[in-house]
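What follows is a short report on a single structure.
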There are 2 protein chains.
Amino acid sequence: MYAPGDVRVVDREDPKIIEPTDAVIRLTATCICGSDLWPYRGVEPVDHTVMGHEYVGVVEEIGSDVHSLKVGDFVVGSFCISDNTCEICRAGYQSKCVHGSFVAGTQSELARIPYANGTLVATPAMPEPELIPSLLAASDVLGTGWFAADAAAAGPGKTVAVVGDGAVGLMGVLAAKQLGAERIIAMSRHADRQALAREFGATDIVETRGDEGVAAIKELTNGLGAHGVIEAVGTQESMMQAINSTRPGGHVGYVGVAHDGVTLPADQLFFAEVHLLGGPAPVRRFLPDLIDRIWDRTIDPGKVFDLTLPLDQADEGYRAMDERRAIKTLLTL
Amino acid sequence: MYAPGDVRVVDREDPKIIEPTDAVIRLTATCICGSDLWPYRGVEPVDHTVMGHEYVGVVEEIGSDVHSLKVGDFVVGSFCISDNTCEICRAGYQSKCVHGSFVAGTQSELARIPYANGTLVATPAMPEPELIPSLLAASDVLGTGWFAADAAAAGPGKTVAVVGDGAVGLMGVLAAKQLGAERIIAMSRHADRQALAREFGATDIVETRGDEGVAAIKELTNGLGAHGVIEAVGTQESMMQAINSTRPGGHVGYVGVAHDGVTLPADQLFFAEVHLLGGPAPVRRFLPDLIDRIWDRTIDPGKVFDLTLPLDQADEGYRAMDERRAIKTLLTL
């Protein structure tokens, strides 16, 4: 991304093994994330930045310390690098690994992945082509929605509301369903996204937002609010909508990337008395389970991709998402 | 409290049963809360306000629907009224009961307690006099510190830091110890409070605050931060100190009453990736257990009272706490 709104596909030098814990993978597919729209729209700084942090592919080369993978393995990785052995990783927060960093530059043919033993998970075999979109979704949006649903304590007998009908919000619906939530309320005003939400497990749709949206959630929950709320936007309004839609003692899982200037009034938070957990999703914690569920066709998160383009048309992929013509763009190689 | 700094003990009309679910109790002891200092210092509005929300005493009269107590029982109650039967109460959040309200006016000889079945817990028998301070502490500060320690996920193998060395912070230390925390770091710069913290179970003392305090906690925890942090102050600095002292995936339990203007930057919270839970403590959830531990002399939270005065000297009790000459004042009747 040369500048906001200016995406170009150009030749770059092939990545090489630098550290003995690195792997180089050849991508099978990649995609564009909702968070890539922040720099695209000029909300985050961008200047000749390599883009992409979601990926699936085949291991092309490994460093001398990589022992959990071999050349030729098909792998899915998290958008966060993690050694998966430090105390923070072992507690399940691989997105905050002591050796952690964010993956960058996977909207490409080849990518170097540091801490490959910890970051990458091999599939049981080479996947059937129809599984590729779902495995790719596991790399970020599915894992992120899953983390949010887990943080929102979705489970049997629970009512879960989802603020945000982007790819992550829709994956949150799917995750809440898988985790056994009894009732799932998707907050969306777009017919196509409502339909996908219902397909993924939403039982109710609320079209209003802000205070009106909160009132609608309360009306559906005996005036108490939802047991859990997934926040997948990251704005002031969406955060307060999520907190105020949650019953006392309930759980908010927030994964919308909060930007500068969004603040939570501590007194409102205090008297709301809700559990709050969010941040970059520790996708690696969930990956083996997610791969299993995709592998045995229990879930089909790949449906979240409603536009597929070859990598060299990445620019159009960004534009379609920016203009809300597409929920999420898959890029083929 | 006629006005900030102006506390008077005056005759008022005796409380009576109004609702069939009420009880009237004759107080055995009462006390002054750190939160009573907010209006005393003019930070919260106050105008001829009846004070006090902590209490133990003997049931004097009950309404026709009160069946869990009888006249003559010795009772401990939470500072929050709760029916203890609604969905929120059953989930353990009695401080946000659908019939909830805050107790007011227990710095007195008699008090009417609504929803007595749900709010009050009778002791096994009339307590020995030396147990009175501890049972009184259970009514708020002990229960609040306990909730904070529970929200901070204090337990075996965990390191818990405590921000705030007031009565609630000290009770948080005691609770963390009882819940099995391995290491308890009290943040305090007052020798007398440090001594009490150590007596209650603190293993380490940190005297610095703010960024320096955070750095000290990190130094004691391999650079990671504490597993859990109890926040018992309620200011901007103390909230950020608590959040920044917690490792990713760790838990902040905050019970310092957050005041207007304290705000949490959502981006910092997002990248801190900590669990956050706080609010008015659902003391009622913990009361039966706390009474048991006091009854069998496992804990002696009554030590937090370092000044005892007759009720008619309440004014001096407030002044001593305001001037930090006393941690907490017990008022005898």
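Note on naming: chains are A, B, ... as they come in the structure tokens, residues start from 1 per chain, ligands start from 1 in the order shown.
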*May I ask you to extract the residues of chain A within 6 Å of chain B, using only C-alpha atoms, and to give them as number ranges by chain?*
A: 93, 249, 258-259, 262-267, 270-271, 273, 275-279
*Polymer residues at most 6 Å from region 160-166 of chain A, only C-alpha atoms, same-chain spacing of 5 or more positions, as a list of chain:residue names*: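 The neighbour list is A:Ile184, A:Ile185, A:Ala186, A:Met187, A:Ser188, A:Ala226, A:Gly228, A:Val229, A:Ile230, A:Glu231, A:Ala232, A:Val233.
Pairwise distance (CA of Arg198 (chain A), CA of Leu220 (chain A)) equals 16.9 Å.
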_Test item: residues at most 6 Å from region 102-115 of chain A, only C-alpha atoms, excluding those fewer than 4 positions along its chain, as a VMD selection string_ = chain A and resid 15 21 to 27 30 50 to 53 79 to 81 83 119
Those selected residues, please, written with N, CA, C and O atoms and delivered as a short mmCIF file (atom, residue, chain, number, x, y, z; two decimals), in the first residue's frame.
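New file result27.cif:
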data_model
loop_
_atom_site.label_atom_id
_atom_site.label_comp_id
_atom_site.auth_asym_id
_atom_site.auth_seq_id
_atom_site.Cartn_x
_atom_site.Cartn_y
_atom_site.Cartn_z
N PRO A 15 11.52 -13.89 0.09
CA PRO A 15 11.94 -14.02 1.48
C PRO A 15 12.86 -15.23 1.65
O PRO A 15 12.74 -16.21 0.91
N THR A 21 14.72 -20.53 13.41
CA THR A 21 13.33 -20.87 13.76
C THR A 21 12.34 -20.41 12.70
O THR A 21 11.13 -20.56 12.87
N ASP A 22 12.83 -19.88 11.59
CA ASP A 22 11.95 -19.40 10.51
C ASP A 22 11.47 -20.54 9.60
O ASP A 22 12.14 -21.57 9.48
N ALA A 23 10.35 -20.29 8.96
CA ALA A 23 9.95 -21.09 7.80
C ALA A 23 9.57 -20.13 6.68
O ALA A 23 9.13 -19.00 6.94
N VAL A 24 9.78 -20.57 5.46
CA VAL A 24 9.25 -19.81 4.32
C VAL A 24 8.12 -20.65 3.73
O VAL A 24 8.27 -21.87 3.54
N ILE A 25 6.98 -20.02 3.53
CA ILE A 25 5.85 -20.75 2.95
C ILE A 25 5.46 -20.15 1.61
O ILE A 25 5.65 -18.95 1.36
N ARG A 26 4.95 -21.03 0.74
CA ARG A 26 4.38 -20.59 -0.53
C ARG A 26 2.87 -20.53 -0.32
O ARG A 26 2.24 -21.55 0.01
N LEU A 27 2.30 -19.35 -0.47
CA LEU A 27 0.88 -19.18 -0.15
C LEU A 27 -0.02 -19.86 -1.17
O LEU A 27 0.23 -19.81 -2.38
N THR A 30 -4.64 -16.04 0.10
CA THR A 30 -4.51 -14.99 1.12
C THR A 30 -5.76 -14.12 1.04
O THR A 30 -6.68 -14.42 0.25
N VAL A 50 4.11 -3.22 3.18
CA VAL A 50 3.68 -4.54 2.69
C VAL A 50 2.47 -4.96 3.49
O VAL A 50 2.40 -4.75 4.69
N MET A 51 1.48 -5.52 2.81
CA MET A 51 0.18 -5.77 3.44
C MET A 51 -0.09 -7.27 3.59
O MET A 51 0.47 -8.10 2.90
N GLY A 52 -1.03 -7.57 4.47
CA GLY A 52 -1.51 -8.93 4.61
C GLY A 52 -0.97 -9.63 5.84
O GLY A 52 0.23 -9.55 6.15
N HIS A 53 -1.85 -10.32 6.57
CA HIS A 53 -1.41 -11.07 7.77
C HIS A 53 -2.22 -12.36 7.91
O HIS A 53 -2.16 -13.01 8.93
N PHE A 79 -2.19 -14.71 12.72
CA PHE A 79 -1.66 -13.40 12.32
C PHE A 79 -0.69 -12.85 13.36
O PHE A 79 -0.05 -11.83 13.14
N CYS A 80 -0.59 -13.53 14.50
CA CYS A 80 0.38 -13.16 15.52
C CYS A 80 1.46 -14.23 15.60
O CYS A 80 1.14 -15.42 15.71
N ILE A 81 2.70 -13.81 15.57
CA ILE A 81 3.83 -14.72 15.78
C ILE A 81 3.86 -15.12 17.25
O ILE A 81 3.67 -14.27 18.12
N ASP A 83 5.97 -18.06 20.09
CA ASP A 83 6.83 -19.24 20.27
C ASP A 83 6.03 -20.42 20.81
O ASP A 83 6.44 -21.57 20.68
N THR A 119 4.11 -20.89 15.65
CA THR A 119 3.11 -20.08 14.95
C THR A 119 2.25 -20.89 13.99
O THR A 119 1.06 -20.61 13.83
#
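One finds CA of Asn117 (chain A) at 25.8 Å from CA of Leu331 (chain A).
Note that the spacing between CA of Pro20 (chain A) and CA of Ala116 (chain A) amounts to 9.5 Å.
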_Please extract the residues of region 78-301 of chain B with a backbone DSSP assignment of alpha helix (DSSP H) and present them as a PyMOL selection string._
chain B and resi 87-90+116-119+132-138+141-151+167-178+191-200+210-219+236-244+266-272+283-295
Okay, now the selection with C-alpha atoms, as a PDB file, in the first residue's frame?
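Heads up, here's the output in again.pdb:
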ATOM      1  CA  GLU B  87     -31.756 -14.141  37.732  1.00  0.00           C
ATOM      2  CA  ILE B  88     -28.974 -11.628  38.396  1.00  0.00           C
ATOM      3  CA  CYS B  89     -28.745 -12.592  42.081  1.00  0.00           C
ATOM      4  CA  ARG B  90     -28.706 -16.290  41.247  1.00  0.00           C
ATOM      5  CA  ALA B 116     -34.544  -8.938  54.475  1.00  0.00           C
ATOM      6  CA  ASN B 117     -34.833 -12.573  53.327  1.00  0.00           C
ATOM      7  CA  GLY B 118     -32.315 -11.936  50.607  1.00  0.00           C
ATOM      8  CA  THR B 119     -30.141  -9.241  52.128  1.00  0.00           C
ATOM      9  CA  ILE B 132     -18.214  -8.262  66.213  1.00  0.00           C
ATOM     10  CA  PRO B 133     -15.565  -6.189  64.373  1.00  0.00           C
ATOM     11  CA  SER B 134     -14.852  -9.026  61.952  1.00  0.00           C
ATOM     12  CA  LEU B 135     -18.538  -9.664  61.253  1.00  0.00           C
ATOM     13  CA  LEU B 136     -18.996  -5.935  60.692  1.00  0.00           C
ATOM     14  CA  ALA B 137     -16.080  -5.937  58.242  1.00  0.00           C
ATOM     15  CA  ALA B 138     -17.838  -8.711  56.284  1.00  0.00           C
ATOM     16  CA  VAL B 141     -14.844  -4.002  53.177  1.00  0.00           C
ATOM     17  CA  LEU B 142     -14.083  -7.692  53.619  1.00  0.00           C
ATOM     18  CA  GLY B 143     -16.748  -8.688  51.093  1.00  0.00           C
ATOM     19  CA  THR B 144     -15.523  -6.031  48.691  1.00  0.00           C
ATOM     20  CA  GLY B 145     -11.884  -7.062  49.021  1.00  0.00           C
ATOM     21  CA  TRP B 146     -12.992 -10.662  48.553  1.00  0.00           C
ATOM     22  CA  PHE B 147     -14.898  -9.864  45.376  1.00  0.00           C
ATOM     23  CA  ALA B 148     -11.867  -7.989  44.043  1.00  0.00           C
ATOM     24  CA  ALA B 149      -9.558 -10.925  44.834  1.00  0.00           C
ATOM     25  CA  ASP B 150     -12.038 -13.298  43.205  1.00  0.00           C
ATOM     26  CA  ALA B 151     -12.289 -11.033  40.123  1.00  0.00           C
ATOM     27  CA  ALA B 167      -9.255  -0.936  54.355  1.00  0.00           C
ATOM     28  CA  VAL B 168     -10.510  -2.535  51.115  1.00  0.00           C
ATOM     29  CA  GLY B 169      -6.996  -3.024  49.728  1.00  0.00           C
ATOM     30  CA  LEU B 170      -5.927  -4.642  53.002  1.00  0.00           C
ATOM     31  CA  MET B 171      -8.975  -6.921  52.907  1.00  0.00           C
ATOM     32  CA  GLY B 172      -7.999  -7.755  49.331  1.00  0.00           C
ATOM     33  CA  VAL B 173      -4.636  -8.940  50.658  1.00  0.00           C
ATOM     34  CA  LEU B 174      -6.390 -11.111  53.251  1.00  0.00           C
ATOM     35  CA  ALA B 175      -8.768 -12.516  50.618  1.00  0.00           C
ATOM     36  CA  ALA B 176      -5.983 -13.275  48.140  1.00  0.00           C
ATOM     37  CA  LYS B 177      -4.165 -15.157  50.890  1.00  0.00           C
ATOM     38  CA  GLN B 178      -7.286 -17.143  51.797  1.00  0.00           C
ATOM     39  CA  ALA B 191       4.632   1.737  57.562  1.00  0.00           C
ATOM     40  CA  ASP B 192       1.536   0.930  59.651  1.00  0.00           C
ATOM     41  CA  ARG B 193      -0.444  -0.251  56.624  1.00  0.00           C
ATOM     42  CA  GLN B 194       2.517  -2.227  55.318  1.00  0.00           C
ATOM     43  CA  ALA B 195       2.691  -3.998  58.686  1.00  0.00           C
ATOM     44  CA  LEU B 196      -1.014  -4.832  58.581  1.00  0.00           C
ATOM     45  CA  ALA B 197      -0.705  -5.972  54.956  1.00  0.00           C
ATOM     46  CA  ARG B 198       2.090  -8.368  55.961  1.00  0.00           C
ATOM     47  CA  GLU B 199      -0.031  -9.618  58.856  1.00  0.00           C
ATOM     48  CA  PHE B 200      -2.881 -10.308  56.400  1.00  0.00           C
ATOM     49  CA  GLY B 210       2.424   5.049  38.661  1.00  0.00           C
ATOM     50  CA  ASP B 211       4.920   3.966  35.997  1.00  0.00           C
ATOM     51  CA  GLU B 212       7.564   3.359  38.651  1.00  0.00           C
ATOM     52  CA  GLY B 213       5.164   1.130  40.545  1.00  0.00           C
ATOM     53  CA  VAL B 214       4.364  -0.788  37.357  1.00  0.00           C
ATOM     54  CA  ALA B 215       8.083  -1.252  36.683  1.00  0.00           C
ATOM     55  CA  ALA B 216       8.569  -2.574  40.222  1.00  0.00           C
ATOM     56  CA  ILE B 217       5.767  -5.134  39.778  1.00  0.00           C
ATOM     57  CA  LYS B 218       7.251  -6.256  36.443  1.00  0.00           C
ATOM     58  CA  GLU B 219      10.673  -6.612  38.050  1.00  0.00           C
ATOM     59  CA  GLN B 236      -7.177   7.520  36.900  1.00  0.00           C
ATOM     60  CA  GLU B 237      -3.663   6.772  38.125  1.00  0.00           C
ATOM     61  CA  SER B 238      -4.654   3.733  40.180  1.00  0.00           C
ATOM     62  CA  MET B 239      -6.742   2.218  37.370  1.00  0.00           C
ATOM     63  CA  MET B 240      -3.925   2.553  34.838  1.00  0.00           C
ATOM     64  CA  GLN B 241      -1.412   1.306  37.410  1.00  0.00           C
ATOM     65  CA  ALA B 242      -3.565  -1.781  37.933  1.00  0.00           C
ATOM     66  CA  ILE B 243      -4.079  -2.457  34.216  1.00  0.00           C
ATOM     67  CA  ASN B 244      -0.421  -1.939  33.360  1.00  0.00           C
ATOM     68  CA  ALA B 266      -9.650   1.645  24.768  1.00  0.00           C
ATOM     69  CA  ASP B 267      -6.516   1.182  22.651  1.00  0.00           C
ATOM     70  CA  GLN B 268      -4.326   0.713  25.725  1.00  0.00           C
ATOM     71  CA  LEU B 269      -6.889  -1.665  27.168  1.00  0.00           C
ATOM     72  CA  PHE B 270      -7.044  -3.568  23.865  1.00  0.00           C
ATOM     73  CA  PHE B 271      -3.314  -4.147  23.689  1.00  0.00           C
ATOM     74  CA  ALA B 272      -3.003  -4.847  27.421  1.00  0.00           C
ATOM     75  CA  VAL B 283     -21.024  -9.164  49.076  1.00  0.00           C
ATOM     76  CA  ARG B 284     -24.106 -11.319  49.616  1.00  0.00           C
ATOM     77  CA  ARG B 285     -22.600 -14.036  47.389  1.00  0.00           C
ATOM     78  CA  PHE B 286     -19.679 -14.413  49.786  1.00  0.00           C
ATOM     79  CA  LEU B 287     -21.364 -13.700  53.150  1.00  0.00           C
ATOM     80  CA  PRO B 288     -22.161 -17.261  54.320  1.00  0.00           C
ATOM     81  CA  ASP B 289     -18.582 -18.353  53.594  1.00  0.00           C
ATOM     82  CA  LEU B 290     -17.099 -15.233  55.198  1.00  0.00           C
ATOM     83  CA  ILE B 291     -19.210 -15.699  58.339  1.00  0.00           C
ATOM     84  CA  ASP B 292     -18.006 -19.317  58.566  1.00  0.00           C
ATOM     85  CA  ARG B 293     -14.365 -18.314  58.294  1.00  0.00           C
ATOM     86  CA  ILE B 294     -14.829 -15.639  60.968  1.00  0.00           C
ATOM     87  CA  TRP B 295     -16.874 -17.942  63.199  1.00  0.00           C
TER      88      TRP B 295
END
